[in-house]
>>> print(open('query_38.cif').read())   # mmCIF, C-alpha atoms
data_target
loop_
_atom_site.label_atom_id
_atom_site.label_comp_id
_atom_site.auth_asym_id
_atom_site.auth_seq_id
_atom_site.Cartn_x
_atom_site.Cartn_y
_atom_site.Cartn_z
CA ASP A 1 0.00 0.00 0.00
CA GLU A 2 1.00 3.68 0.09
CA GLN A 3 2.69 3.20 3.48
CA GLY A 4 4.91 0.43 2.12
CA ASN A 5 3.20 -2.40 4.05
CA MET A 6 2.63 -5.96 2.85
CA VAL A 7 -0.65 -6.35 0.98
CA GLU A 8 -2.16 -9.82 0.77
CA THR A 9 -3.76 -10.75 -2.53
CA THR A 10 -5.27 -13.84 -4.11
CA ASP A 11 -4.27 -12.63 -7.56
CA SER A 12 -1.06 -13.94 -9.09
CA ILE A 13 1.13 -11.22 -10.55
CA THR A 14 4.48 -11.25 -12.30
CA ILE A 15 6.84 -8.30 -12.44
CA THR A 16 9.89 -8.32 -14.65
CA ASP A 17 12.21 -5.91 -16.43
CA GLY A 18 11.88 -8.06 -19.57
CA ARG A 19 15.58 -8.84 -20.01
CA ASP A 20 17.61 -12.04 -19.72
CA TYR A 21 20.73 -11.63 -17.60
CA LYS A 22 23.48 -13.80 -19.09
CA PRO A 23 26.94 -14.41 -17.54
CA ILE A 24 28.45 -10.92 -17.28
CA GLY A 25 28.07 -7.82 -15.07
CA TYR A 26 25.04 -5.49 -14.94
CA SER A 27 23.78 -2.52 -12.98
CA VAL A 28 20.38 -3.10 -11.35
CA TYR A 29 17.76 -1.15 -9.39
CA LEU A 30 14.56 -3.11 -8.69
CA PRO A 31 11.25 -1.97 -7.13
CA TYR A 32 10.87 -5.22 -5.15
CA ARG A 33 12.90 -7.63 -2.99
CA LEU A 34 14.34 -10.60 -4.87
CA ASN A 35 16.08 -13.74 -3.62
CA MET A 36 19.70 -13.94 -4.69
CA SER A 37 20.68 -16.69 -7.09
CA PRO A 38 23.67 -18.95 -6.18
CA PHE A 39 24.98 -18.14 -9.65
CA CYS A 40 25.28 -14.42 -8.91
CA LYS A 41 27.45 -12.04 -6.91
CA LEU A 42 26.21 -8.68 -5.68
CA TYR A 43 28.39 -5.57 -5.27
CA GLN A 44 28.13 -1.94 -4.20
CA PRO A 45 30.73 0.83 -4.55
CA GLN A 46 32.72 1.82 -1.46
CA ALA A 47 35.27 4.38 -2.64
CA VAL A 48 36.53 6.36 -5.63
CA THR A 49 40.21 7.01 -6.33
CA THR A 50 42.10 8.96 -8.98
CA GLU A 51 45.71 8.26 -9.88
CA GLY A 52 47.66 9.15 -13.00
CA GLY A 53 44.55 10.69 -14.55
CA VAL A 54 42.60 7.41 -14.16
CA THR A 55 39.47 7.40 -12.00
CA THR A 56 38.50 4.08 -10.42
CA ILE A 57 35.46 3.00 -8.44
CA HIS A 58 36.16 0.34 -5.81
CA PHE A 59 33.33 -2.20 -5.37
CA ARG A 60 32.83 -4.50 -2.38
CA LEU A 61 31.22 -7.93 -2.43
CA LEU A 62 28.00 -8.12 -0.38
CA ASN A 63 27.09 -11.08 1.80
CA THR A 64 23.32 -11.07 1.45
CA GLU A 65 20.43 -13.36 0.53
CA TYR A 66 18.38 -10.64 -1.15
CA ILE A 67 18.48 -7.91 -3.73
CA GLU A 68 16.74 -5.17 -1.77
CA PRO A 69 14.13 -2.90 -3.41
CA PHE A 70 14.96 0.62 -4.59
CA THR A 71 18.68 -0.02 -4.00
CA PRO A 72 21.42 0.35 -6.64
CA TYR A 73 23.71 -2.63 -7.21
CA TYR A 74 26.25 -4.09 -9.59
CA ILE A 75 25.47 -7.77 -10.15
CA VAL A 76 27.74 -10.38 -11.73
CA VAL A 77 25.91 -13.33 -13.25
CA GLU A 78 28.37 -16.21 -13.29
CA ALA A 79 26.36 -19.05 -14.84
CA GLU A 80 23.04 -19.73 -16.56
CA THR A 81 20.42 -17.07 -17.28
CA PHE A 82 19.08 -15.07 -14.34
CA PRO A 83 15.68 -13.37 -14.86
CA LEU A 84 15.12 -10.55 -12.38
CA SER A 85 11.43 -11.35 -11.91
CA THR A 86 9.12 -11.97 -8.98
CA GLU A 87 5.58 -13.20 -8.40
CA ALA A 88 2.62 -12.89 -6.01
CA GLU A 89 2.61 -11.25 -2.56
CA THR A 90 5.68 -9.15 -3.16
CA TYR A 91 6.76 -6.51 -0.68
CA PHE A 92 6.70 -3.02 -2.21
CA PRO A 93 8.21 -0.56 0.29
CA LYS A 94 8.06 3.19 0.15
CA ILE A 95 10.93 4.63 -1.84
CA GLY A 96 13.67 5.81 0.51
CA ASN A 97 17.03 7.41 -0.14
CA THR A 98 19.32 4.49 -0.92
CA ASP A 99 21.83 6.50 -2.97
CA ILE A 100 25.46 5.70 -2.22
CA ASN A 101 27.43 8.95 -1.96
CA LEU A 102 31.16 8.60 -2.61
CA GLY A 103 31.92 12.31 -2.45
CA THR A 104 32.75 12.98 -6.08
CA TYR A 105 30.13 10.58 -7.42
CA THR A 106 26.79 9.15 -6.28
CA PHE A 107 25.56 5.67 -7.20
CA ARG A 108 21.84 5.92 -8.02
CA GLY A 109 19.08 4.01 -9.78
CA THR A 110 15.95 4.57 -11.82
CA ASN A 111 12.69 2.63 -12.24
CA LYS A 112 11.76 4.40 -15.45
CA SER A 113 13.64 5.08 -18.62
CA MET A 114 15.69 8.29 -18.53
CA SER A 115 16.07 10.25 -21.75
CA ASN A 116 19.41 11.44 -23.05
CA PHE A 117 18.53 14.99 -21.99
CA ILE A 118 17.75 13.96 -18.39
CA ALA A 119 20.85 11.74 -18.18
CA ILE A 120 23.07 14.64 -19.27
CA LYS A 121 21.32 16.97 -16.83
CA ASP A 122 21.99 14.44 -14.03
CA LYS A 123 25.68 14.25 -15.09
CA ALA A 124 25.28 10.50 -15.52
CA TYR A 125 27.86 7.81 -16.19
CA ILE A 126 26.48 4.49 -17.50
CA LEU A 127 27.97 1.01 -17.73
CA GLN A 128 29.09 0.00 -21.21
CA SER A 129 30.19 -3.30 -22.81
CA ASP A 130 33.88 -2.53 -22.19
CA GLY A 131 33.28 -2.87 -18.42
CA LYS A 132 33.69 0.88 -17.79
CA TRP A 133 31.27 3.65 -16.83
CA HIS A 134 31.09 6.26 -19.58
CA ARG A 135 29.78 9.81 -19.28
CA VAL A 136 26.52 10.34 -21.17
CA THR A 137 26.96 12.79 -24.02
CA ASN A 138 24.58 14.42 -26.46
CA SER A 139 23.29 11.47 -28.52
CA GLU A 140 19.68 10.60 -29.30
CA SER A 141 20.46 6.87 -29.08
CA VAL A 142 21.90 7.03 -25.55
CA TYR A 143 19.52 6.77 -22.59
CA ILE A 144 19.26 4.93 -19.26
CA PRO A 145 16.75 2.03 -19.32
CA ALA A 146 14.41 1.29 -16.44
CA PHE A 147 15.69 -0.80 -13.51
CA ARG A 148 19.30 0.26 -14.06
CA ALA A 149 21.84 1.95 -11.77
CA PHE A 150 24.27 4.69 -12.76
CA PHE A 151 26.81 7.11 -11.35
CA SER A 152 26.01 10.81 -11.10
CA LYS A 153 28.82 13.34 -10.73
CA ASN A 154 28.41 15.74 -7.83
CA SER A 155 30.16 18.68 -9.47
CA ASP A 156 30.58 20.33 -12.87
CA VAL A 157 30.84 17.43 -15.33
CA ALA A 158 32.70 19.61 -17.84
CA SER A 159 35.81 19.35 -15.69
CA GLY A 160 35.37 15.63 -15.06
CA VAL A 161 36.57 12.44 -16.69
CA ASN A 162 34.84 10.74 -19.59
CA GLU A 163 35.12 7.18 -18.27
CA ILE A 164 35.51 5.41 -14.92
CA ARG A 165 37.19 2.06 -14.29
CA MET A 166 36.04 -0.34 -11.59
CA ILE A 167 37.77 -2.97 -9.48
CA PHE A 168 36.48 -5.46 -6.96
CA GLU A 169 37.38 -6.73 -3.51
CA ASP A 170 37.29 -10.41 -4.49
CA ASP A 171 39.61 -11.72 -7.20
CA ASP A 172 36.97 -14.09 -8.64
CA ALA A 173 35.01 -11.24 -10.21
CA THR A 174 37.97 -10.27 -12.38
CA SER A 175 37.53 -13.48 -14.38
CA ILE A 176 34.39 -12.07 -15.98
CA GLU A 177 35.18 -10.92 -19.50
CA ASP A 178 35.88 -7.20 -19.96
CA LEU A 179 36.32 -6.49 -16.24
CA ASN A 180 39.56 -4.96 -14.99
CA ALA A 181 41.87 -6.89 -12.66
CA ALA A 182 42.45 -5.53 -9.15
CA PRO A 183 45.77 -3.74 -8.52
CA ASN A 184 48.54 -4.94 -6.25
CA ALA A 185 47.54 -5.00 -2.56
CA ASN A 186 50.64 -2.95 -1.73
CA GLY A 187 49.44 0.02 -3.78
CA PRO A 188 48.50 3.57 -2.69
CA ILE A 189 46.45 4.14 0.47
CA TYR A 190 43.07 5.94 0.37
CA ASN A 191 40.26 6.68 2.80
CA LEU A 192 36.59 5.95 2.01
CA ALA A 193 36.18 9.44 0.53
CA GLY A 194 38.77 8.57 -2.11
CA GLN A 195 41.46 10.87 -0.67
CA ARG A 196 45.01 9.58 -0.96
CA LEU A 197 46.84 9.13 2.36
CA ASP A 198 50.56 9.19 3.18
CA LYS A 199 50.15 6.34 5.67
CA MET A 200 47.51 4.13 7.26
CA GLN A 201 45.12 6.03 9.51
CA LYS A 202 42.63 5.03 12.20
CA GLY A 203 39.45 3.64 10.69
CA ILE A 204 38.91 2.01 7.31
CA ASN A 205 41.64 2.38 4.68
CA ILE A 206 41.62 1.25 1.02
CA VAL A 207 44.88 -0.36 -0.14
CA GLY A 208 45.01 -1.83 -3.63
CA GLY A 209 41.21 -1.72 -3.85
CA LYS A 210 40.73 -3.70 -0.63
CA LYS A 211 39.71 -2.60 2.88
#
>>> encode(input="query_38.cif", output="structure tokens")
Amino acid sequence: DEQGNMVETTDSITITDGRDYKPIGYSVYLPYRLNMSPFCKLYQPQAVTTEGGVTTIHFRLLNTEYIEPFTPYYIVVEAETFPLSTEAETYFPKIGNTDINLGTYTFRGTNKSMSNFIAIKDKAYILQSDGKWHRVTNSESVYIPAFRAFFSKNSDVASGVNEIRMIFEDDDATSIEDLNAAPNANGPIYNLAGQRLDKMQKGINIVGGKK
């Protein structure tokens, strides 16, 4: 209902985004809770770093049984086809603020198709087949489909980068085609805001893409 409570119904319903998810990585943002498949891994971004003119988003593997509603994720389908569908008596919560703010960028999602004009206005970066997030430019053929997640830059996009790499906490994800391998664990040190540090500090530090 409007308050986000469970509504019992005798009618059978099916909700789907109409796409087959084959073995590769995707961005997702669903309006309902979905049980995780054993053939999938679920990630969310934890930090952004820039070094040598290359901007990288660091993703962490989530230990969860569900894809939560109205929450942006990056999902790696490792085997078989995974339809992101659900059936009767589904929980539809009220939409809350589940954006993930990384300082320079925010990881967001949409449940309706976003036009090229809106995507540019939102300073959006979308996932492409090369495994990188590319800034949306003025093109009639470029838009953000429904049920997808994207990065939005939190400052003037004109002074920003055109593409963003991504790396993962677990090494297994790097075996997926077109994804970039994680750097050496003895690399530069960053905090969760993506700021480079001279040495380890109290709290959580990112070294080589790992906490």
>>> resolve_selection(input="query_38.cif", expression="the PyMOL selection byres ((chain A and resi 138) around 12)", output="number ranges by chain")
A: 115-121, 123-124, 135-137, 139-143
>>> atom_distance(input="query_38.cif", atom1="atom CA of Tyr73 of chain A", atom2="atom CA of Glu51 of chain A")
24.7 Å
>>> resolve_selection(input="query_38.cif", expression="the PyMOL selection byres ((chain A and resi 144-157) around 7)", output="PyMOL selection string")
chain A and resi 17+27-30+72-73+104-115+122-126+143+158-160
>>> resolve_selection(input="query_38.cif", expression="the PyMOL selection byres ((chain A and resi 32) around 6)", output="PyMOL selection string")
chain A and resi 30-31+33+69+92
>>> atom_distance(input="query_38.cif", atom1="atom CA of Phe39 of chain A", atom2="atom CA of Glu65 of chain A")
12.1 Å
>>> atom_distance(input="query_38.cif", atom1="atom CA of Ile164 of chain A", atom2="atom CA of Lys41 of chain A")
20.8 Å
>>> closest_residue(input="query_38.cif", among="A:Glu68, A:Asp130, A:Asp99, A:Glu163", to="Gly53 of chain A", atoms="only C-alpha atoms")
A:Glu163
>>> closest_residue(input="query_38.cif", among="A:Trp133, A:Phe59, A:Tyr66, A:Phe168", to="Met36 of chain A", atoms="all atoms listed in the file")
A:Tyr66
>>> closest_residue(input="query_38.cif", among="A:Arg60, A:Phe70, A:Met200, A:Glu78", to="Ile167 of chain A", atoms="only C-alpha atoms")
A:Arg60
>>> closest_residue(input="query_38.cif", among="A:Gln44, A:Ser37, A:Asn162, A:Gln201", to="Leu84 of chain A", atoms="all atoms listed in the file")
A:Ser37
>>> closest_residue(input="query_38.cif", among="A:Leu34, A:Thr49, A:Tyr43, A:Met166", to="Gly103 of chain A", atoms="all atoms listed in the file")
A:Thr49
>>> decode(input="query_38.cif", residues="segment 136-167 of chain A", atoms="N, CA and C atoms", output="short mmCIF file (atom, residue, chain, number, x, y, z; two decimals), in the first residue's frame")
data_model
loop_
_atom_site.label_atom_id
_atom_site.label_comp_id
_atom_site.auth_asym_id
_atom_site.auth_seq_id
_atom_site.Cartn_x
_atom_site.Cartn_y
_atom_site.Cartn_z
N VAL A 136 27.55 10.19 -20.15
CA VAL A 136 26.52 10.34 -21.17
C VAL A 136 26.72 11.66 -21.89
N THR A 137 26.80 11.59 -23.20
CA THR A 137 26.96 12.79 -24.02
C THR A 137 25.73 13.00 -24.89
N ASN A 138 25.74 14.05 -25.66
CA ASN A 138 24.58 14.42 -26.46
C ASN A 138 24.40 13.47 -27.64
N SER A 139 23.57 12.44 -27.45
CA SER A 139 23.29 11.47 -28.52
C SER A 139 21.87 10.97 -28.34
N GLU A 140 21.08 11.02 -29.40
CA GLU A 140 19.68 10.60 -29.30
C GLU A 140 19.55 9.12 -28.96
N SER A 141 20.55 8.31 -29.30
CA SER A 141 20.46 6.87 -29.08
C SER A 141 20.88 6.44 -27.68
N VAL A 142 21.42 7.37 -26.88
CA VAL A 142 21.90 7.03 -25.55
C VAL A 142 20.87 7.45 -24.50
N TYR A 143 20.46 6.50 -23.68
CA TYR A 143 19.52 6.77 -22.59
C TYR A 143 19.78 5.75 -21.50
N ILE A 144 19.12 5.88 -20.36
CA ILE A 144 19.26 4.93 -19.26
C ILE A 144 17.95 4.15 -19.15
N PRO A 145 17.98 2.82 -19.40
CA PRO A 145 16.75 2.03 -19.32
C PRO A 145 16.23 1.93 -17.90
N ALA A 146 15.00 1.52 -17.75
CA ALA A 146 14.41 1.29 -16.44
C ALA A 146 15.12 0.16 -15.72
N PHE A 147 15.11 0.23 -14.39
CA PHE A 147 15.69 -0.80 -13.51
C PHE A 147 17.21 -0.89 -13.63
N ARG A 148 17.85 0.22 -13.97
CA ARG A 148 19.30 0.26 -14.06
C ARG A 148 19.86 1.23 -13.02
N ALA A 149 21.13 1.04 -12.66
CA ALA A 149 21.84 1.95 -11.77
C ALA A 149 22.89 2.70 -12.56
N PHE A 150 23.28 3.87 -12.07
CA PHE A 150 24.27 4.69 -12.76
C PHE A 150 24.98 5.57 -11.75
N PHE A 151 26.10 6.15 -12.18
CA PHE A 151 26.81 7.11 -11.35
C PHE A 151 26.46 8.52 -11.80
N SER A 152 26.28 9.40 -10.82
CA SER A 152 26.01 10.81 -11.10
C SER A 152 27.12 11.64 -10.47
N LYS A 153 27.73 12.52 -11.25
CA LYS A 153 28.82 13.34 -10.73
C LYS A 153 28.27 14.48 -9.90
N ASN A 154 28.92 14.75 -8.78
CA ASN A 154 28.41 15.74 -7.83
C ASN A 154 29.01 17.12 -8.00
N SER A 155 29.62 17.36 -9.16
CA SER A 155 30.16 18.68 -9.47
C SER A 155 30.08 18.90 -10.97
N ASP A 156 30.66 19.98 -11.46
CA ASP A 156 30.58 20.33 -12.87
C ASP A 156 31.20 19.22 -13.72
N VAL A 157 30.37 18.55 -14.53
CA VAL A 157 30.84 17.43 -15.33
C VAL A 157 31.81 17.87 -16.42
N ALA A 158 31.80 19.15 -16.79
CA ALA A 158 32.70 19.61 -17.84
C ALA A 158 34.16 19.45 -17.45
N SER A 159 34.43 19.48 -16.16
CA SER A 159 35.81 19.35 -15.69
C SER A 159 36.12 17.92 -15.25
N GLY A 160 35.19 17.00 -15.50
CA GLY A 160 35.37 15.63 -15.06
C GLY A 160 35.94 14.72 -16.12
N VAL A 161 36.04 13.44 -15.78
CA VAL A 161 36.57 12.44 -16.69
C VAL A 161 35.45 11.89 -17.56
N ASN A 162 35.82 11.28 -18.67
CA ASN A 162 34.84 10.74 -19.59
C ASN A 162 34.51 9.28 -19.31
N GLU A 163 35.39 8.57 -18.59
CA GLU A 163 35.12 7.18 -18.27
C GLU A 163 35.71 6.83 -16.91
N ILE A 164 35.10 5.83 -16.25
CA ILE A 164 35.51 5.41 -14.92
C ILE A 164 35.74 3.91 -14.94
N ARG A 165 36.90 3.47 -14.45
CA ARG A 165 37.19 2.06 -14.29
C ARG A 165 36.55 1.55 -13.01
N MET A 166 36.50 0.23 -12.86
CA MET A 166 36.04 -0.34 -11.59
C MET A 166 36.85 -1.59 -11.27
N ILE A 167 37.10 -1.79 -9.98
CA ILE A 167 37.77 -2.97 -9.48
C ILE A 167 36.99 -3.52 -8.31
#
